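*Asks:* Handing you a structure now.
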Amino acid sequence: MLEILNLLKQYGSLVAVDYLNLKIEKGEMAGLVGPDGAGKTTLMRILSAILPPTSGSARVAGYDIIRDAEKLKEKIGYMPQRFGLYEDLTVLENLNFFSELYQLSKKQKDEKYKEVFNFSQLEPFKDFLAGNLSGGMKQKLALSCVLLHTPEVLLLDEPTRGVDPLSRRDFWRILFEQQKRGITIFISTSYMDEAERCQKVAFLDKGRLIAYGTPKKLKEIMNEFLYEISCDKTREAKSVLEKVDGISGISIFGEKIHFTLREEKLLANIKNKLKDTGVEILNLRRIEPSLEDIFIFLKQDKIEIRNG
Amino acid sequence: MWERIKHIFLKESIQIRRDRRMLMIIFVAPLLQLVLLGYAATMDINRIPTAVLDFSKTQESRELISLFRNSGRFTINHIPESQKELVELLDQGKIWVGIEIENDFVKEMKKGKTVPIQILIDGTNSNTAGVVSGYINQLLFSYNKKISQDKLQKKLAQGLLSGQVQPVKILNLENQARAWYNPELKSRDYNLPGVLALILMITTMMLTSMAIVREKEIGTIEQLMVTPIKTTELILGKVIPFALIGFIDVVLVTSVAVLWFKIPFRGSFFLLFLSVGVYLLTTIGIGLFFSTLSRTQQQSMMLTFFFVMPAIILSGFMFPIANMPRLIQYLSFANPLRYFLVIVRGIFLKGSSFRVLWDQILPLGIIGVIVLILSTARFKKKIG
Ligand SMILES: Nc1ncnc2c1ncn2[C@@H]1O[C@H](COP(=O)(O)OP(=O)(O)O)[C@@H](O)[C@H]1O
Ligand SMILES: [Mg+2]
């Protein structure tokens, strides 16, 4: 449904997408995860055929992004990172405008409106200016507009960014409903909990795909032991840990530190060192890695796993 | 195709209706400009400070003086005793015009040879000096006509630059062409049709480029680009509303010019609309071109500004093109305003027909088509 081959995008000397390869099957929901500036938006734009890549190619819904750009557009629904609808038009006027651009018949329009109003609950607001809606409602409206022409592939660029948790859950409920109908979804996000809900997750860092696979499989990548420690002097503890041989990844999560250890028996040594510098350990335990741990682990070790 | 264009058009119209700033640009700004320029920026000069040195002191000379006084243009506020005093007044800037009527005024006139009057004009500001000498010519012309059986002869006026003496300008009465189409030499009549051309250019060019760049700025263009709409559909849907606004502005500005400022309209409305249509191809085409060059509305406004300023100067709106350096004259052939000024003045003041104006309309159309093709080619459904 979506296949990316050696895709490269450069802005001058800056490499925004670095020879990327990726394949998403029909009906799958794949998440694209990466920090700001990783290249998520660039990739989404290239896949929607509105940004030409420097080299490489991609096929979306059976169409080549360069040769069949216009046909491809009939098959995809793309939600840009920035709200792309008209804030000075009402909800209904926005829907009308986009259904006319996709040339829906009167009958198709009626059916689709019923459907999108059903899942979005926006009908009571249909005469509101889009600009006056809440963030969550705006995103639901935007999703409605890109679903009007029944696309086969949805490309969503951080659709839940800055949206309150309740609306986010609502939004995901709609996405799952759409997925059940067979739509392929590629969604970028910076929320790890959202990535966990996808069937496949792609980790993007500085334009490079550092891992791709099911969340479960990605967690297996980490063949080391992950520990979580909480103590009274987080900073001091961190600088101690950094000097220990055998610790490969350290990251701070609030008051807690996560670190990975190559061998379990090094643990006693670490405890001693911390005690020597006057750090009191409140809690130290082995934990199951989250996707975030994996991401940090992969970033630090520069491990490259393609099409994992 | 037309369905999609229609809906972009409708969407655009709704947005324009809801945008108060836009409505200001469309309806209030043109009227404001028209009224301002109609009242303030006319080249008509009244109450010109004038001194009369009358050596003749006859019935006839007084008649001539009262002709000046009653014209409403001249205020005679000094009666010097000698020519030296007259020149002094001129030097000090107390008067703009000095009239000296010779002793033998009546005698010479009866002989039918020359009118022995001397007119000195302060030439510091060549523009006003030109206008003033135009008025004087006109006055003397009608005086001449009044006593037409007497063959008046020349030797009439002398131009003098205050401070430094310039070659004396002899205004020959008989050689002065009468301002045929604008007999009262009202510069307002001449200027207001030109103001219409300016308003149309600024309004449509700016609105077009801003409306497109606005979609870039707020990000909606990205959503439009992923729809299967064609570039030409998008462009047409976006610019047709502004072409219509152009026509509305024509009606608005023409009405005020004719009904309020009493500017004559001697030509055909149909021809005016036709040539406005051709003119709008160029202004909207350039606006479209600017929109492909800008990322922000501010940039597109700046581009419009930097285009319109030289376009006005090189159009013949203020200074005749024939007086410009050769290179600049060639450059002005690419200036749509140049052609449209001739057209619109012709239609208003002379009632010119298509047969007279086609050689202005044609180049205008060619420029329009070229700009439109260029900017459509530059307009891509791509980010960047
Ligand atoms: N038009 C552009 N010109 C130059 N650099 C750009 C442009 N767009 C994005 N970039 C750069 O490309 C990198 C990837 O950006 P982006 O795709 O927006 O990342 P993300 O969406 O993951 O935050 C960033 O370093 C960004 O600064
Ligand atoms: Mg982004």
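Here's how to read the names in the structure tokens: chain A, B, ... by the order shown, residue numbers from 1 in each chain, ligand numbers from 1 in the order shown.
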For chain B, which residues have at least one atom within 8 Å of chain A, if we go by only C-alpha atoms? Write them as a ChimeraX atom specification, please.

*Replies:* /B:3-4,7-8,11,14-15,18,218-223,225-229,381-384

*Asks:* Write out as a PDB file with C-alpha atoms, in the first residue's frame the residues lying within 9 Å of Pro53 in chain A, counting only C-alpha atoms and excluding same-chain residues fewer than 3 positions away.

*Replies:*
ATOM      1  CA  LEU A   7      14.197   8.120  -0.405  1.00  0.00           C
ATOM      2  CA  LEU A   8      16.462  11.124   0.053  1.00  0.00           C
ATOM      3  CA  LYS A   9      15.517  14.718   0.718  1.00  0.00           C
ATOM      4  CA  GLN A  10      18.094  17.435   1.179  1.00  0.00           C
ATOM      5  CA  VAL A  17      15.268  12.310   4.959  1.00  0.00           C
ATOM      6  CA  LEU A  43       8.453  12.527   4.766  1.00  0.00           C
ATOM      7  CA  ILE A  46       6.840  13.714   0.021  1.00  0.00           C
ATOM      8  CA  GLY A  56      14.622   7.811  -4.554  1.00  0.00           C
ATOM      9  CA  SER A  57      11.008   6.917  -5.034  1.00  0.00           C
ATOM     10  CA  ILE A  66       6.355  11.636  -8.967  1.00  0.00           C
TER      11      ILE A  66
END

*Asks:* Looking only at the backbone, which of the residues in range 87-248 of chain A does DSSP tag as strand (DSSP E or B), as number ranges by chain?

*Replies:* A: 90, 129, 153-157, 184-189, 200-205, 208-213, 225-231, 247-248

*Asks:* Print the selection's residues with C-alpha atoms to a file, as an mmCIF file, in the first residue's frame.

*Replies:*
data_model
loop_
_atom_site.group_PDB
_atom_site.id
_atom_site.type_symbol
_atom_site.label_atom_id
_atom_site.label_comp_id
_atom_site.auth_asym_id
_atom_site.auth_seq_id
_atom_site.Cartn_x
_atom_site.Cartn_y
_atom_site.Cartn_z
ATOM 1 C CA THR A 90 -18.054 27.372 8.945
ATOM 2 C CA LEU A 129 -16.680 29.097 12.135
ATOM 3 C CA VAL A 153 -4.412 5.673 2.577
ATOM 4 C CA LEU A 154 -4.417 8.219 5.362
ATOM 5 C CA LEU A 155 -1.293 10.263 5.978
ATOM 6 C CA LEU A 156 -1.605 12.131 9.239
ATOM 7 C CA ASP A 157 1.107 14.508 10.409
ATOM 8 C CA THR A 184 -4.102 2.053 5.621
ATOM 9 C CA ILE A 185 -2.916 4.652 8.082
ATOM 10 C CA PHE A 186 0.479 6.249 8.468
ATOM 11 C CA ILE A 187 0.487 8.609 11.408
ATOM 12 C CA SER A 188 3.337 10.622 12.855
ATOM 13 C CA THR A 189 3.363 11.398 16.521
ATOM 14 C CA LYS A 200 4.026 -1.048 13.368
ATOM 15 C CA VAL A 201 6.271 1.686 14.594
ATOM 16 C CA ALA A 202 8.976 3.477 12.654
ATOM 17 C CA PHE A 203 11.625 5.334 14.608
ATOM 18 C CA LEU A 204 13.000 8.327 12.775
ATOM 19 C CA ASP A 205 16.016 10.256 13.967
ATOM 20 C CA ARG A 208 17.200 8.136 9.361
ATOM 21 C CA LEU A 209 14.966 5.207 10.052
ATOM 22 C CA ILE A 210 16.614 3.663 13.081
ATOM 23 C CA ALA A 211 14.075 0.904 13.635
ATOM 24 C CA TYR A 212 10.836 -0.422 12.226
ATOM 25 C CA GLY A 213 8.613 -3.180 13.491
ATOM 26 C CA PHE A 225 18.889 -4.993 31.131
ATOM 27 C CA LEU A 226 16.997 -1.851 31.847
ATOM 28 C CA TYR A 227 16.972 -0.405 35.340
ATOM 29 C CA GLU A 228 15.145 2.403 36.923
ATOM 30 C CA ILE A 229 16.678 4.175 39.859
ATOM 31 C CA SER A 230 15.330 6.914 42.046
ATOM 32 C CA CYS A 231 17.553 8.641 44.544
ATOM 33 C CA ILE A 247 26.395 1.189 31.172
ATOM 34 C CA SER A 248 25.425 2.088 27.653
#

*Asks:* CA of Leu140 in chain B and CA of Met109 in chain B, how far apart in Å?

*Replies:* 13.2 Å

*Asks:* Taking only C-alpha atoms and all ligand atoms into account, which residues are within 8 Å of ligand 2, as a compact mmCIF listing (two decimals) with C-alpha atoms, in the first residue's frame?

*Replies:*
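Okay, pocket15.txt is ready:
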# COMPACT_ATOMS: atom_id res chain seq x y z
CA ASP A 36 11.15 17.62 16.38
CA GLY A 37 13.26 18.05 13.30
CA ALA A 38 13.56 14.31 12.70
CA GLY A 39 12.02 14.70 9.26
CA LYS A 40 8.47 13.46 9.89
CA THR A 41 6.75 16.36 8.15
CA THR A 42 9.16 16.23 5.24
CA GLN A 81 0.73 19.34 10.66
CA ASP A 157 1.11 14.51 10.41
CA GLU A 158 1.01 14.84 14.20

*Asks:* What is the CA of Tyr279 in chain B to CA of Leu364 in chain B distance in Å?

*Replies:* 6.4 Å

*Asks:* Using only C-alpha atoms and all ligand atoms, find the one residue out of B:Arg345, B:Gln118, B:Arg17, B:Arg295 that sits nearest to ligand 1.

*Replies:*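 Looking only at the distances to ligand 1, the closest residue turns out to be B:Arg295.
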
*Asks:* Any idea what's packed within 10 Å of Gly162 in chain A, counting only C-alpha atoms, ignoring anything in its chain fewer than 6 positions away? Could you give it as JSON, numbers by chain?

*Replies:* {"A": [135, 136, 168]}

*Asks:* Return as a PyMOL selection string the full set of residues in range 94-206 of chain A whose backbone-based DSSP assignment is helix (DSSP H, G or I).

*Replies:* chain A and resi 94-101+106-120+123-125+130-132+135-147+165-180+192-196

*Asks:* From the set A:Leu141, A:Met29, A:Leu5, A:Ile296, which residue has the shortest atom-to-atom contact distance to Gln199 in chain A, counting only C-alpha atoms?

*Replies:* A:Met29
